[in-house]
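Printed here is coords-v3.txt (compact mmCIF, C-alpha atoms and all ligand atoms):
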# COMPACT_ATOMS: atom_id res chain seq x y z
CA MET A 244 180.21 -116.30 6.04
CA PHE A 245 176.65 -115.91 4.72
CA GLU A 246 176.45 -119.67 4.22
CA LEU A 247 176.56 -120.01 8.03
CA MET A 248 173.25 -118.14 8.30
CA ASP A 249 169.81 -119.72 8.37
CA GLU A 250 166.34 -119.12 9.87
CA TRP A 251 167.69 -119.30 13.47
CA GLY A 252 170.86 -117.21 13.16
CA PRO A 253 173.54 -116.16 13.60
CA GLU A 254 172.26 -112.63 14.19
CA LYS A 255 175.73 -111.13 14.27
CA VAL A 256 179.28 -112.25 13.49
CA VAL A 257 182.26 -110.04 14.34
CA THR A 258 185.77 -111.00 13.24
CA VAL A 259 188.95 -109.30 14.40
CA ASN A 260 192.55 -109.40 13.17
CA HIS A 261 195.40 -108.14 15.35
CA GLN A 262 198.39 -107.89 13.07
CA ARG A 263 201.02 -107.29 15.75
CA SER A 264 200.39 -110.53 17.71
CA GLY A 265 198.93 -112.58 14.85
CA MET A 266 195.77 -113.10 16.90
CA GLN A 267 192.59 -113.53 14.92
CA GLY A 268 189.24 -113.92 16.59
CA VAL A 269 185.54 -114.21 16.10
CA LEU A 270 182.38 -113.55 18.10
CA VAL A 271 179.20 -115.29 16.95
CA ILE A 272 175.90 -114.19 18.44
CA ASP A 273 173.52 -116.84 17.23
CA ASN A 274 170.02 -116.24 18.57
CA THR A 275 168.95 -113.84 21.32
CA SER A 276 165.18 -114.26 21.13
CA ARG A 277 165.06 -115.74 24.66
CA GLY A 278 167.82 -113.58 26.19
CA PRO A 279 171.32 -112.15 25.68
CA GLY A 280 173.84 -114.39 23.95
CA LYS A 281 176.06 -116.39 26.29
CA GLY A 282 178.58 -119.18 25.72
CA GLY A 283 182.25 -119.81 26.45
CA THR A 284 185.32 -118.31 24.80
CA ARG A 285 187.71 -120.83 23.24
CA MET A 286 191.35 -120.52 22.15
CA ARG A 287 192.88 -122.93 19.65
CA ALA A 288 195.62 -122.51 17.06
CA ASP A 289 193.48 -123.98 14.23
CA LEU A 290 190.16 -122.43 15.23
CA THR A 291 187.65 -121.74 12.44
CA VAL A 292 184.67 -119.39 12.15
CA ALA A 293 182.43 -122.35 11.24
CA GLU A 294 183.44 -124.19 14.43
CA VAL A 295 182.54 -121.19 16.60
CA ALA A 296 179.24 -120.71 14.72
CA SER A 297 178.24 -124.32 15.30
CA LEU A 298 179.13 -124.08 19.01
CA ALA A 299 177.06 -120.88 19.27
CA ARG A 300 174.09 -122.75 17.76
CA VAL A 301 174.52 -125.56 20.28
CA MET A 302 174.30 -122.90 23.02
CA THR A 303 171.02 -121.60 21.57
CA TRP A 304 169.52 -125.10 21.96
CA LYS A 305 171.13 -125.81 25.34
CA TRP A 306 169.76 -122.68 27.01
CA ALA A 307 166.31 -123.30 25.55
CA ALA A 308 166.33 -127.00 26.49
CA VAL A 309 167.05 -126.20 30.15
CA ASP A 310 164.55 -123.34 29.96
CA LEU A 311 166.87 -120.52 31.03
CA TYR A 312 166.56 -117.05 29.53
CA GLN A 313 169.87 -116.69 27.72
CA GLY A 314 170.56 -116.85 24.01
CA GLY A 315 173.24 -118.70 22.09
CA ALA A 316 176.68 -117.19 21.50
CA LYS A 317 180.32 -118.24 21.46
CA ALA A 318 183.65 -116.54 20.90
CA GLY A 319 186.88 -117.99 19.56
CA ILE A 320 190.50 -116.88 19.42
CA ARG A 321 192.74 -118.36 16.75
CA PHE A 322 196.00 -118.48 18.71
CA ASP A 323 198.19 -121.11 20.42
CA PRO A 324 197.02 -121.25 24.09
CA THR A 325 200.48 -122.46 25.19
CA SER A 326 202.25 -119.44 23.65
CA PRO A 327 204.10 -117.09 26.04
CA ARG A 328 202.25 -114.29 24.22
CA LYS A 329 198.81 -115.57 25.27
CA GLU A 330 198.10 -112.56 27.51
CA GLU A 331 198.86 -110.15 24.65
CA ALA A 332 196.42 -112.06 22.41
CA LEU A 333 193.72 -112.08 25.13
CA ARG A 334 194.09 -108.36 25.77
CA ALA A 335 193.96 -107.57 22.05
CA PHE A 336 190.85 -109.72 21.60
CA ALA A 337 189.06 -108.01 24.52
CA ARG A 338 190.00 -104.52 23.26
CA MET A 339 188.84 -105.23 19.74
CA LEU A 340 185.43 -106.43 21.01
CA ARG A 341 184.89 -103.50 23.39
CA ASN A 342 181.82 -102.38 21.40
CA GLU A 343 180.12 -105.76 21.97
CA VAL A 344 181.40 -106.75 25.46
CA PRO A 345 179.70 -106.75 27.94
CA SER A 346 176.55 -105.19 26.40
CA GLU A 347 175.97 -107.99 23.87
CA TYR A 348 178.35 -110.75 24.96
CA VAL A 349 180.14 -111.75 28.16
CA PHE A 350 183.34 -113.84 27.90
CA GLY A 351 183.39 -117.30 29.53
CA LEU A 352 185.63 -120.35 29.79
CA ASP A 353 186.02 -123.00 27.13
CA MET A 354 188.92 -125.02 25.69
CA GLY A 355 192.26 -123.19 26.02
CA LEU A 356 191.09 -120.61 28.58
CA ASN A 357 191.31 -120.75 32.38
CA GLU A 358 190.21 -118.62 35.34
CA ALA A 359 193.33 -116.45 35.21
CA ASP A 360 192.56 -115.66 31.54
CA ALA A 361 189.02 -114.60 32.48
CA ALA A 362 190.56 -112.17 34.99
CA ILE A 363 192.80 -110.67 32.25
CA LEU A 364 189.80 -110.17 29.93
CA CYS A 365 187.96 -108.27 32.70
CA ASP A 366 191.05 -106.22 33.47
CA GLU A 367 191.58 -105.19 29.85
CA LEU A 368 188.05 -103.81 29.59
CA GLY A 369 188.12 -102.35 33.13
CA ASP A 370 184.88 -104.18 33.83
CA ARG A 371 184.43 -106.87 36.47
CA GLY A 372 181.42 -108.23 34.61
CA ALA A 373 183.11 -108.66 31.22
CA ALA A 374 183.70 -112.38 31.88
CA THR A 375 182.29 -115.24 33.92
CA GLY A 376 184.56 -118.02 35.19
CA THR A 377 186.85 -115.60 37.05
CA PRO A 378 188.83 -116.83 40.11
CA ALA A 379 187.09 -117.10 43.50
CA ALA A 380 189.40 -114.34 44.78
CA LEU A 381 187.64 -112.00 42.33
CA GLY A 382 184.14 -113.18 43.28
CA GLY A 383 183.82 -115.95 40.66
CA VAL A 384 183.06 -119.64 41.18
CA ALA A 385 185.28 -122.63 40.39
CA TYR A 386 182.61 -124.81 38.78
CA ASP A 387 184.93 -127.75 38.14
CA ALA A 388 186.14 -127.77 41.76
CA LEU A 389 182.49 -127.74 42.82
CA GLY A 390 181.87 -130.71 40.48
CA ILE A 391 178.57 -129.18 39.46
CA THR A 392 178.24 -130.83 36.03
CA GLY A 393 178.80 -134.31 37.49
CA HIS A 394 176.39 -133.57 40.33
CA GLY A 395 173.75 -132.78 37.70
CA VAL A 396 174.55 -135.92 35.68
CA ALA A 397 173.94 -138.02 38.81
CA GLU A 398 170.62 -136.27 39.44
CA ALA A 399 169.61 -137.01 35.83
CA VAL A 400 170.49 -140.68 36.40
CA ASP A 401 168.41 -140.84 39.57
CA ALA A 402 165.39 -139.12 37.99
CA SER A 403 165.59 -141.46 34.96
CA VAL A 404 165.87 -144.59 37.11
CA ALA A 405 162.68 -143.63 38.95
CA HIS A 406 160.89 -142.71 35.70
CA CYS A 407 161.86 -145.92 33.89
CA GLY A 408 161.36 -148.17 36.93
CA ILE A 409 164.88 -149.62 36.73
CA ASP A 410 165.56 -151.94 39.67
CA ASP A 411 169.32 -152.24 39.20
CA ASP A 412 171.63 -150.04 41.29
CA ARG A 413 174.85 -150.98 39.46
CA VAL A 414 176.54 -148.13 37.57
CA VAL A 415 179.53 -147.96 35.23
CA VAL A 416 181.11 -144.53 34.70
CA GLN A 417 183.55 -143.97 31.86
CA GLY A 418 186.00 -141.14 32.62
CA PHE A 419 187.08 -139.95 36.06
CA GLY A 420 187.83 -136.30 35.28
CA ALA A 421 185.90 -133.17 36.25
CA VAL A 422 182.56 -134.69 35.22
CA GLY A 423 183.13 -138.42 35.90
CA HIS A 424 184.49 -138.20 39.44
CA ALA A 425 181.75 -135.81 40.58
CA THR A 426 179.09 -138.06 39.00
CA VAL A 427 180.49 -141.05 40.92
CA ARG A 428 180.65 -139.05 44.16
CA ARG A 429 177.01 -137.94 43.94
CA LEU A 430 175.70 -141.34 42.75
CA SER A 431 177.40 -142.97 45.69
CA GLU A 432 175.73 -140.45 48.04
CA LEU A 433 172.40 -141.35 46.41
CA GLY A 434 172.99 -145.04 47.24
CA TYR A 435 174.14 -146.43 43.88
CA ARG A 436 176.77 -149.16 43.57
CA ILE A 437 179.66 -148.09 41.33
CA VAL A 438 180.86 -151.35 39.72
CA ALA A 439 183.40 -149.88 37.26
CA VAL A 440 185.18 -146.63 36.44
CA SER A 441 187.78 -145.83 33.83
CA THR A 442 190.28 -143.24 32.68
CA ALA A 443 192.39 -143.02 29.54
CA VAL A 444 194.86 -145.34 31.36
CA GLY A 445 192.35 -148.20 31.82
CA ALA A 446 189.35 -149.45 33.76
CA VAL A 447 188.79 -151.04 37.16
CA HIS A 448 185.87 -153.35 37.94
CA ASP A 449 184.28 -154.95 41.00
CA PRO A 450 180.79 -156.46 40.56
CA ASP A 451 180.15 -155.97 44.30
CA GLY A 452 180.93 -152.24 44.10
CA LEU A 453 184.14 -150.22 44.18
CA ASP A 454 185.23 -148.23 47.24
CA VAL A 455 184.33 -144.67 46.14
CA THR A 456 186.17 -142.92 48.97
CA GLU A 457 189.32 -144.80 47.97
CA LEU A 458 188.83 -143.87 44.28
CA LEU A 459 188.47 -140.17 45.08
CA LEU A 460 191.61 -140.19 47.25
CA LEU A 461 193.55 -142.14 44.60
CA ARG A 462 192.52 -139.58 41.97
CA GLU A 463 194.04 -136.81 44.06
CA ALA A 464 197.26 -138.79 44.50
CA HIS A 465 197.68 -140.36 41.04
CA GLY A 466 195.31 -138.61 38.61
CA ASP A 467 194.28 -140.86 35.72
CA ALA A 468 196.65 -143.62 36.95
CA LEU A 469 194.27 -144.20 39.88
CA VAL A 470 193.04 -147.34 38.08
CA ASP A 471 196.49 -148.93 38.62
CA HIS A 472 196.17 -148.52 42.39
CA ALA A 473 192.46 -149.15 43.09
CA SER A 474 191.18 -152.46 44.47
CA GLY A 475 189.17 -154.37 41.86
CA GLN A 476 189.89 -156.11 38.59
CA ARG A 477 191.95 -154.09 36.10
CA LEU A 478 190.52 -154.03 32.55
CA ALA A 479 191.55 -152.35 29.31
CA ALA A 480 189.94 -148.92 28.69
CA GLY A 481 186.73 -149.36 26.69
CA ARG A 482 185.81 -152.75 28.20
CA GLU A 483 183.74 -151.02 30.88
CA LEU A 484 181.17 -149.89 28.28
CA THR A 485 179.79 -153.39 27.84
CA LEU A 486 179.99 -154.70 31.41
CA ASP A 487 176.94 -156.16 33.13
CA ALA A 488 175.29 -153.20 34.94
CA GLY A 489 171.91 -151.51 34.66
CA ILE A 490 173.26 -147.99 34.18
CA LEU A 491 176.07 -146.63 32.01
CA VAL A 492 177.41 -143.06 32.13
CA PRO A 493 179.92 -142.22 29.37
CA ALA A 494 181.63 -139.13 30.85
CA ALA A 495 184.96 -139.03 29.01
CA GLN A 496 185.01 -138.38 25.29
CA GLN A 497 182.92 -138.02 22.18
CA GLY A 498 182.09 -140.92 19.86
CA VAL A 499 182.74 -143.81 22.27
CA LEU A 500 179.53 -145.67 21.36
CA ASP A 501 178.96 -146.36 17.68
CA ALA A 502 177.71 -149.09 15.34
CA THR A 503 180.57 -151.39 16.36
CA ASN A 504 179.83 -151.60 20.09
CA ALA A 505 176.39 -150.11 20.90
CA GLY A 506 174.77 -153.51 20.27
CA ASP A 507 176.88 -154.99 23.10
CA VAL A 508 175.83 -152.45 25.74
CA ARG A 509 174.06 -154.32 28.56
CA ALA A 510 172.79 -151.28 30.47
CA ARG A 511 169.08 -150.40 30.31
CA LEU A 512 169.81 -146.72 30.89
CA VAL A 513 172.61 -144.68 29.31
CA VAL A 514 173.07 -141.10 30.52
CA GLU A 515 175.41 -138.96 28.41
CA GLY A 516 177.76 -137.13 30.78
CA ALA A 517 180.24 -136.31 27.98
CA ASN A 518 179.34 -134.27 24.90
CA LEU A 519 178.37 -136.42 21.88
CA PRO A 520 179.45 -139.84 23.28
CA THR A 521 177.00 -141.64 20.96
CA ASP A 522 176.70 -141.28 17.20
CA ALA A 523 173.45 -141.60 15.24
CA ALA A 524 173.98 -145.32 14.58
CA ALA A 525 174.52 -146.03 18.28
CA GLN A 526 171.41 -144.03 19.17
CA GLU A 527 169.33 -146.10 16.73
CA LEU A 528 170.74 -149.39 17.98
CA LEU A 529 170.10 -148.49 21.62
CA ALA A 530 166.56 -147.27 20.89
CA ALA A 531 165.77 -150.46 18.95
CA ARG A 532 166.82 -152.49 21.99
CA GLY A 533 164.66 -150.42 24.35
CA VAL A 534 167.61 -148.75 26.12
CA THR A 535 166.74 -145.29 27.48
CA LEU A 536 169.34 -142.74 26.40
CA VAL A 537 169.37 -139.33 28.13
CA PRO A 538 170.96 -136.79 25.74
CA ASP A 539 174.12 -134.85 26.60
CA PHE A 540 172.59 -131.38 26.44
CA ILE A 541 170.03 -132.40 29.07
CA ALA A 542 172.28 -134.61 31.24
CA ASN A 543 175.38 -132.38 31.41
CA ALA A 544 173.52 -129.05 31.68
CA GLY A 545 174.50 -128.60 35.36
CA GLY A 546 177.46 -126.52 34.21
CA ILE A 547 175.36 -124.06 32.24
CA ILE A 548 172.82 -123.75 35.04
CA ALA A 549 175.75 -122.79 37.30
CA ALA A 550 177.00 -120.43 34.58
CA ALA A 551 173.62 -118.67 34.68
CA PHE A 552 174.34 -117.83 38.34
CA GLY A 553 177.74 -116.52 37.25
CA MET A 554 176.01 -114.27 34.69
CA ARG A 555 173.40 -113.01 37.13
CA ASP A 556 175.80 -112.29 40.00
CA ARG A 557 178.92 -111.12 38.17
CA TYR A 558 178.57 -107.55 39.46
CA SER A 559 177.32 -108.54 42.94
CA PRO A 560 179.34 -107.33 45.93
CA PHE A 561 178.35 -110.62 47.60
CA GLY A 562 179.99 -112.70 44.85
CA VAL A 563 178.16 -115.55 43.12
CA ALA A 564 175.42 -117.14 45.26
CA THR A 565 177.16 -120.53 45.53
CA ASP A 566 174.74 -121.82 48.15
CA GLN A 567 171.89 -121.61 45.63
CA ILE A 568 173.74 -123.40 42.82
CA VAL A 569 173.61 -127.01 44.03
CA PRO A 570 169.91 -127.07 45.05
CA THR A 571 168.92 -125.31 41.81
CA VAL A 572 170.94 -127.73 39.67
CA THR A 573 169.37 -130.68 41.51
CA GLU A 574 165.85 -129.40 41.01
CA ARG A 575 166.27 -128.29 37.37
CA MET A 576 168.13 -131.41 36.27
CA ARG A 577 165.43 -133.68 37.65
CA ALA A 578 162.61 -131.61 36.13
CA ASN A 579 164.29 -131.30 32.70
CA THR A 580 165.11 -134.99 32.53
CA LEU A 581 161.52 -135.95 33.31
CA THR A 582 160.12 -133.40 30.82
CA VAL A 583 162.26 -134.88 28.04
CA LEU A 584 161.60 -138.54 28.90
CA GLU A 585 157.86 -137.87 29.11
CA ALA A 586 157.88 -135.93 25.80
CA ALA A 587 159.71 -138.85 24.17
CA THR A 588 157.05 -141.27 25.39
CA THR A 589 154.14 -139.02 24.39
CA THR A 590 155.46 -138.35 20.89
CA ASP A 591 156.83 -141.89 20.46
CA THR A 592 160.31 -140.69 19.64
CA THR A 593 163.77 -140.81 21.21
CA PRO A 594 164.75 -138.48 24.07
CA HIS A 595 167.33 -136.93 21.70
CA ALA A 596 164.63 -136.05 19.17
CA ALA A 597 162.19 -134.91 21.87
CA ALA A 598 164.77 -132.62 23.54
CA GLY A 599 165.73 -131.10 20.19
CA GLN A 600 162.09 -130.44 19.31
CA LEU A 601 161.39 -128.90 22.72
CA ALA A 602 164.32 -126.50 22.34
CA ARG A 603 163.34 -125.52 18.77
CA ASP A 604 159.70 -124.95 19.81
CA ARG A 605 160.77 -122.63 22.65
CA VAL A 606 163.08 -120.58 20.44
CA ARG A 607 160.51 -120.43 17.64
CA GLN A 608 157.82 -119.23 20.04
CA ALA A 609 160.11 -116.48 21.40
CA MET A 610 160.93 -115.35 17.85
CA GLU A 611 157.24 -115.25 16.96
CA LEU A 612 156.29 -113.31 20.11
CA ARG A 613 158.97 -110.73 19.37
CA GLY A 614 157.80 -110.37 15.79
CA GLN A 615 161.06 -111.66 14.37
CA VAL A 616 159.36 -114.20 12.12
CA PRO A 617 155.85 -114.45 10.69
CA PRO A 618 153.54 -116.12 13.23
CA THR A 619 152.64 -119.73 12.50
CA ARG A 620 150.36 -120.39 15.44
CA GLN A 621 146.74 -119.25 15.39
CA GLU A 622 146.61 -117.87 18.95
CA ILE A 623 149.52 -115.46 18.39
CA ARG A 624 147.96 -113.73 15.38
N1 LIG A 701 183.67 -129.99 32.73
C1 LIG A 701 182.41 -129.66 32.50
O1 LIG A 701 181.78 -128.94 33.29
C2 LIG A 701 181.66 -130.21 31.31
C3 LIG A 701 180.38 -129.70 31.04
C4 LIG A 701 179.65 -130.25 29.97
C5 LIG A 701 180.20 -131.27 29.23
N2 LIG A 701 181.47 -131.72 29.49
C6 LIG A 701 181.99 -132.83 28.66
O2 LIG A 701 182.26 -133.96 29.49
C7 LIG A 701 183.35 -134.70 28.96
C8 LIG A 701 184.43 -134.85 30.03
O3 LIG A 701 184.87 -133.55 30.40
P1 LIG A 701 185.76 -133.30 31.69
O4 LIG A 701 185.70 -131.84 31.96
O5 LIG A 701 185.39 -134.26 32.78
O6 LIG A 701 187.19 -133.67 31.13
P2 LIG A 701 188.49 -134.06 31.96
O7 LIG A 701 189.63 -133.81 31.05
O8 LIG A 701 188.47 -133.45 33.31
O9 LIG A 701 188.34 -135.65 32.19
C9 LIG A 701 188.24 -136.58 31.14
C10 LIG A 701 188.37 -137.98 31.74
O10 LIG A 701 188.11 -138.94 30.72
C11 LIG A 701 189.17 -139.88 30.70
N3 LIG A 701 189.30 -140.49 29.37
C12 LIG A 701 189.78 -139.94 28.24
N4 LIG A 701 189.74 -140.85 27.25
C13 LIG A 701 189.22 -141.98 27.77
C14 LIG A 701 188.91 -143.25 27.25
N5 LIG A 701 189.14 -143.56 25.97
N6 LIG A 701 188.37 -144.19 28.06
C15 LIG A 701 188.11 -143.91 29.36
N7 LIG A 701 188.37 -142.71 29.91
C16 LIG A 701 188.92 -141.76 29.13
C17 LIG A 701 190.37 -139.10 31.13
O11 LIG A 701 191.42 -139.96 31.55
C18 LIG A 701 189.76 -138.29 32.28
O12 LIG A 701 189.65 -139.09 33.45
C19 LIG A 701 183.77 -133.95 27.68
O13 LIG A 701 183.01 -134.50 26.61
C20 LIG A 701 183.30 -132.54 27.95
O14 LIG A 701 183.06 -131.83 26.74
C21 LIG A 701 182.21 -131.20 30.51

Give the structure from this file in structure tokens form.
Amino acid sequence: MFELMDEWGPEKVVTVNHQRSGMQGVLVIDNTSRGPGKGGTRMRADLTVAEVASLARVMTWKWAAVDLYQGGAKAGIRFDPTSPRKEEALRAFARMLRNEVPSEYVFGLDMGLNEADAAILCDELGDRGAATGTPAALGGVAYDALGITGHGVAEAVDASVAHCGIDDDRVVVQGFGAVGHATVRRLSELGYRIVAVSTAVGAVHDPDGLDVTELLLLREAHGDALVDHASGQRLAAGRELTLDAGILVPAAQQGVLDATNAGDVRARLVVEGANLPTDAAAQELLAARGVTLVPDFIANAGGIIAAAFGMRDRYSPFGVATDQIVPTVTERMRANTLTVLEAATTTDTTPHAAAGQLARDRVRQAMELRGQVPPTRQEIR
């Protein structure tokens, strides 16, 4: 486990082993220099400590990049989330971390966990604030139903279009799930023309613009098969990435743009709605061709901004302040996107590199101010 540790963290790793249920689990608190560790709780049969540690590190950078005062952390439960004994595993995990939760870590949702599970974790510890992501009936907020991540992606698109002076209103969105459909909905409100959308089933294309109201209704009726019912030309999934449109939003899966297809992208702006949709080769190819690429941890940060409200208000008798979430996400997403694009221009680097540097600088400064590392900057000495 020591090989997981470096100059940034993790500060603390707690592993638990519940012999009766076979549940094993880990809590990784990566870096709390800017605030208490916060990140989701994942359940997966093949979960590893290294996986949770790397996700905790990502949270350290995400919170710093959006300039919110939380630190990086993540928890993981090695257990089959479809097992009928899931509740037993959840309760055992919560009990075994009662020394750390909620004083040092608050559970949250990630792969394999849903709102009902968050309620069980709170119940086991007898503490309403032991988890975020609890059902609305318990004062929590359904972020996916609110479509907050997609709303933020759309705001990042709009801020980037203005910054880069792009005079093309045609957008392609890959993926029509929690993130994709909400991105399309908000972009349409902002006056953009959605020329193609896709799901795992396939893509649908209309160069004059698809009917967004129809798409949203078809999603409710048919889920991913909406593309078989929508008006427009039906294409194979993946074809949408290289269609003629000024803006591309990959909002489905990781690794969809790589060395084999990034050279064929015709968009001038690519905004990463999904996590890790481009690999390093794709990023280089796009940069070489002058395509602006807004990184995932800036573009899809709407969800973590909303999660910060969940953290702040989890004990409030008024519930989470939902009315403040949307305007705050709008304002922060626009400001963060501009900060990163401007930093990339000033330092003559890519937005990915600029965002990473910004996050590291903020964490480093907090560590120096708290005396956790020797100061490197003259004014702090
Ligand atoms: N939900 C959130 O708040 C959130 C926050 C941050 C990042 N993300 C990331 O955004 C991405 C999407 O998450 P989601 O919550 O919308 O998932 P989801 O499961 O709700 O939706 C995924 C969508 O992508 C489609 N899809 C899958 N493979 C495809 C393919 N090859 N081609 C075209 N479409 C395909 C699916 O059919 C579905 O419409 C993931 O990378 C996720 O990690 C999600």

Compile a residue-level contact table for chain A against ligand LIG 701 (chain A) at a cut-off of 7 Å, reporting for every qualifying residue the shortest atom pair and its distance in Å to one decimal, with all atoms listed in the file counted, rows ordered by chain and ascending number, as a tab-separated table.
residue	atom	partner	partner_atom	distance
A:Tyr386	CA	A:LIG701	O1	6.9
A:Asp387	CA	A:LIG701	O1	5.9
A:Ile391	CA	A:LIG701	O1	7.0
A:Thr392	CA	A:LIG701	O1	4.9
A:Gln417	CA	A:LIG701	C15	5.2
A:Gly418	CA	A:LIG701	O10	3.6
A:Phe419	CA	A:LIG701	O12	3.8
A:Gly420	CA	A:LIG701	O9	3.2
A:Ala421	CA	A:LIG701	O5	3.7
A:Val422	CA	A:LIG701	O5	3.8
A:Gly423	CA	A:LIG701	O5	5.7
A:Ser441	CA	A:LIG701	C15	4.9
A:Thr442	CA	A:LIG701	N7	3.4
A:Ala443	CA	A:LIG701	C16	3.7
A:Val444	CA	A:LIG701	O11	6.4
A:Gly445	CA	A:LIG701	C15	6.5
A:Asp467	CA	A:LIG701	O11	5.1
A:Ala480	CA	A:LIG701	N6	5.0
A:Gly481	CA	A:LIG701	N6	5.6
A:Ala494	CA	A:LIG701	C7	5.1
A:Ala495	CA	A:LIG701	O10	3.6
A:Gln496	CA	A:LIG701	O13	4.6
A:Gln497	CA	A:LIG701	O13	5.7
A:Gly516	CA	A:LIG701	O2	5.7
A:Ala517	CA	A:LIG701	O2	3.4
A:Asn518	CA	A:LIG701	O13	4.1
A:Leu519	CA	A:LIG701	O13	6.9
A:Asn543	CA	A:LIG701	C4	5.0
A:Ala544	CA	A:LIG701	C4	6.5
A:Gly546	CA	A:LIG701	O1	5.0

From CA of Gly369 (chain A) to CA of Ala332 (chain A) the spacing works out at 16.7 Å

Under the rule of at most 9 Å, produce a per-residue listing of region 464-547 of chain A near region 598-601 of chain A: chain, number, name, the closest pair of atoms, and the distance in Å, as CSV, using only C-alpha atoms.
residue,atom,partner,partner_atom,distance
A:Pro538,CA,A:Ala598,CA,7.8
A:Phe540,CA,A:Ala598,CA,8.4
A:Ile541,CA,A:Ala598,CA,7.6

Go ahead and write the residues just picked, C-alpha atoms, as an mmCIF file, in the frame of the given file.
data_model
loop_
_atom_site.group_PDB
_atom_site.id
_atom_site.type_symbol
_atom_site.label_atom_id
_atom_site.label_comp_id
_atom_site.auth_asym_id
_atom_site.auth_seq_id
_atom_site.Cartn_x
_atom_site.Cartn_y
_atom_site.Cartn_z
ATOM 1 C CA PRO A 538 170.960 -136.790 25.740
ATOM 2 C CA PHE A 540 172.590 -131.380 26.440
ATOM 3 C CA ILE A 541 170.030 -132.400 29.070
#

Identify the residues within 10 Å of coordinate (178.1, -113.6, 6.5) (same frame as the file), considering only C-alpha atoms, and give the answer as a PDB file with C-alpha atoms, keeping the file's coordinate frame.
ATOM      1  CA  MET A 244     180.210-116.300   6.040  1.00  0.00           C
ATOM      2  CA  PHE A 245     176.650-115.910   4.720  1.00  0.00           C
ATOM      3  CA  GLU A 246     176.450-119.670   4.220  1.00  0.00           C
ATOM      4  CA  LEU A 247     176.560-120.010   8.030  1.00  0.00           C
ATOM      5  CA  MET A 248     173.250-118.140   8.300  1.00  0.00           C
ATOM      6  CA  PRO A 253     173.540-116.160  13.600  1.00  0.00           C
ATOM      7  CA  GLU A 254     172.260-112.630  14.190  1.00  0.00           C
ATOM      8  CA  LYS A 255     175.730-111.130  14.270  1.00  0.00           C
ATOM      9  CA  VAL A 256     179.280-112.250  13.490  1.00  0.00           C
ATOM     10  CA  VAL A 257     182.260-110.040  14.340  1.00  0.00           C
TER      11      VAL A 257
END

Where does region 330-447 of chain A meet region 271-288 of chain A within 9 Å, residue by residue, with the nearest atom pair and distance in Å to one decimal for each, counting all atoms listed in the file, listed by chain and rising number, as CSV?
residue,atom,partner,partner_atom,distance
A:Ser346,CA,A:Pro279,CA,8.7
A:Glu347,CA,A:Pro279,CA,6.5
A:Tyr348,CA,A:Gly280,CA,5.9
A:Val349,CA,A:Lys281,CA,6.5
A:Phe350,CA,A:Thr284,CA,5.8
A:Gly351,CA,A:Gly283,CA,4.1
A:Leu352,CA,A:Gly283,CA,4.8
A:Asp353,CA,A:Arg285,CA,4.8
A:Met354,CA,A:Arg285,CA,5.0
A:Gly355,CA,A:Met286,CA,4.8
A:Leu356,CA,A:Arg285,CA,6.3
A:Thr375,CA,A:Gly283,CA,8.8

Written file, previous selection with C-alpha atoms, as a PDB file, in the coordinates of the input:
ATOM      1  CA  SER A 346     176.550-105.190  26.400  1.00  0.00           C
ATOM      2  CA  GLU A 347     175.970-107.990  23.870  1.00  0.00           C
ATOM      3  CA  TYR A 348     178.350-110.750  24.960  1.00  0.00           C
ATOM      4  CA  VAL A 349     180.140-111.750  28.160  1.00  0.00           C
ATOM      5  CA  PHE A 350     183.340-113.840  27.900  1.00  0.00           C
ATOM      6  CA  GLY A 351     183.390-117.300  29.530  1.00  0.00           C
ATOM      7  CA  LEU A 352     185.630-120.350  29.790  1.00  0.00           C
ATOM      8  CA  ASP A 353     186.020-123.000  27.130  1.00  0.00           C
ATOM      9  CA  MET A 354     188.920-125.020  25.690  1.00  0.00           C
ATOM     10  CA  GLY A 355     192.260-123.190  26.020  1.00  0.00           C
ATOM     11  CA  LEU A 356     191.090-120.610  28.580  1.00  0.00           C
ATOM     12  CA  THR A 375     182.290-115.240  33.920  1.00  0.00           C
TER      13      THR A 375
END

Taking (178.3, -122.7, 15.1) in the file's coordinates, which residues come within 9 Å, counting all atoms listed in the file, written as a CSV table (one decimal) with C-alpha atoms, keeping the file's coordinate frame?
chain,number,residue,atom,x,y,z
A,247,LEU,CA,176.6,-120.0,8.0
A,253,PRO,CA,173.5,-116.2,13.6
A,271,VAL,CA,179.2,-115.3,17.0
A,273,ASP,CA,173.5,-116.8,17.2
A,292,VAL,CA,184.7,-119.4,12.2
A,293,ALA,CA,182.4,-122.4,11.2
A,294,GLU,CA,183.4,-124.2,14.4
A,295,VAL,CA,182.5,-121.2,16.6
A,296,ALA,CA,179.2,-120.7,14.7
A,297,SER,CA,178.2,-124.3,15.3
A,298,LEU,CA,179.1,-124.1,19.0
A,299,ALA,CA,177.1,-120.9,19.3
A,300,ARG,CA,174.1,-122.8,17.8
A,301,VAL,CA,174.5,-125.6,20.3
A,302,MET,CA,174.3,-122.9,23.0
A,316,ALA,CA,176.7,-117.2,21.5
A,317,LYS,CA,180.3,-118.2,21.5

Please provide the set of residues having any atom within 10 Å of Thr258 (chain A), restricted to only C-alpha atoms, with same-chain residues fewer than 6 positions apart removed, written as JSON, numbers by chain.
{"A": [267, 268, 269, 270, 271, 292, 318, 319, 320, 336, 339, 340]}

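Distance annotation: of A:Thr571, A:Gln476, A:Thr588, A:Gln526, the residue with the minimal separation from Ile547 (chain A) is A:Thr571; atom set is all atoms listed in the file.
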
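If you look at CA of Ala337 (chain A) and CA of Pro378 (chain A), they are 17.9 Å away from each other.
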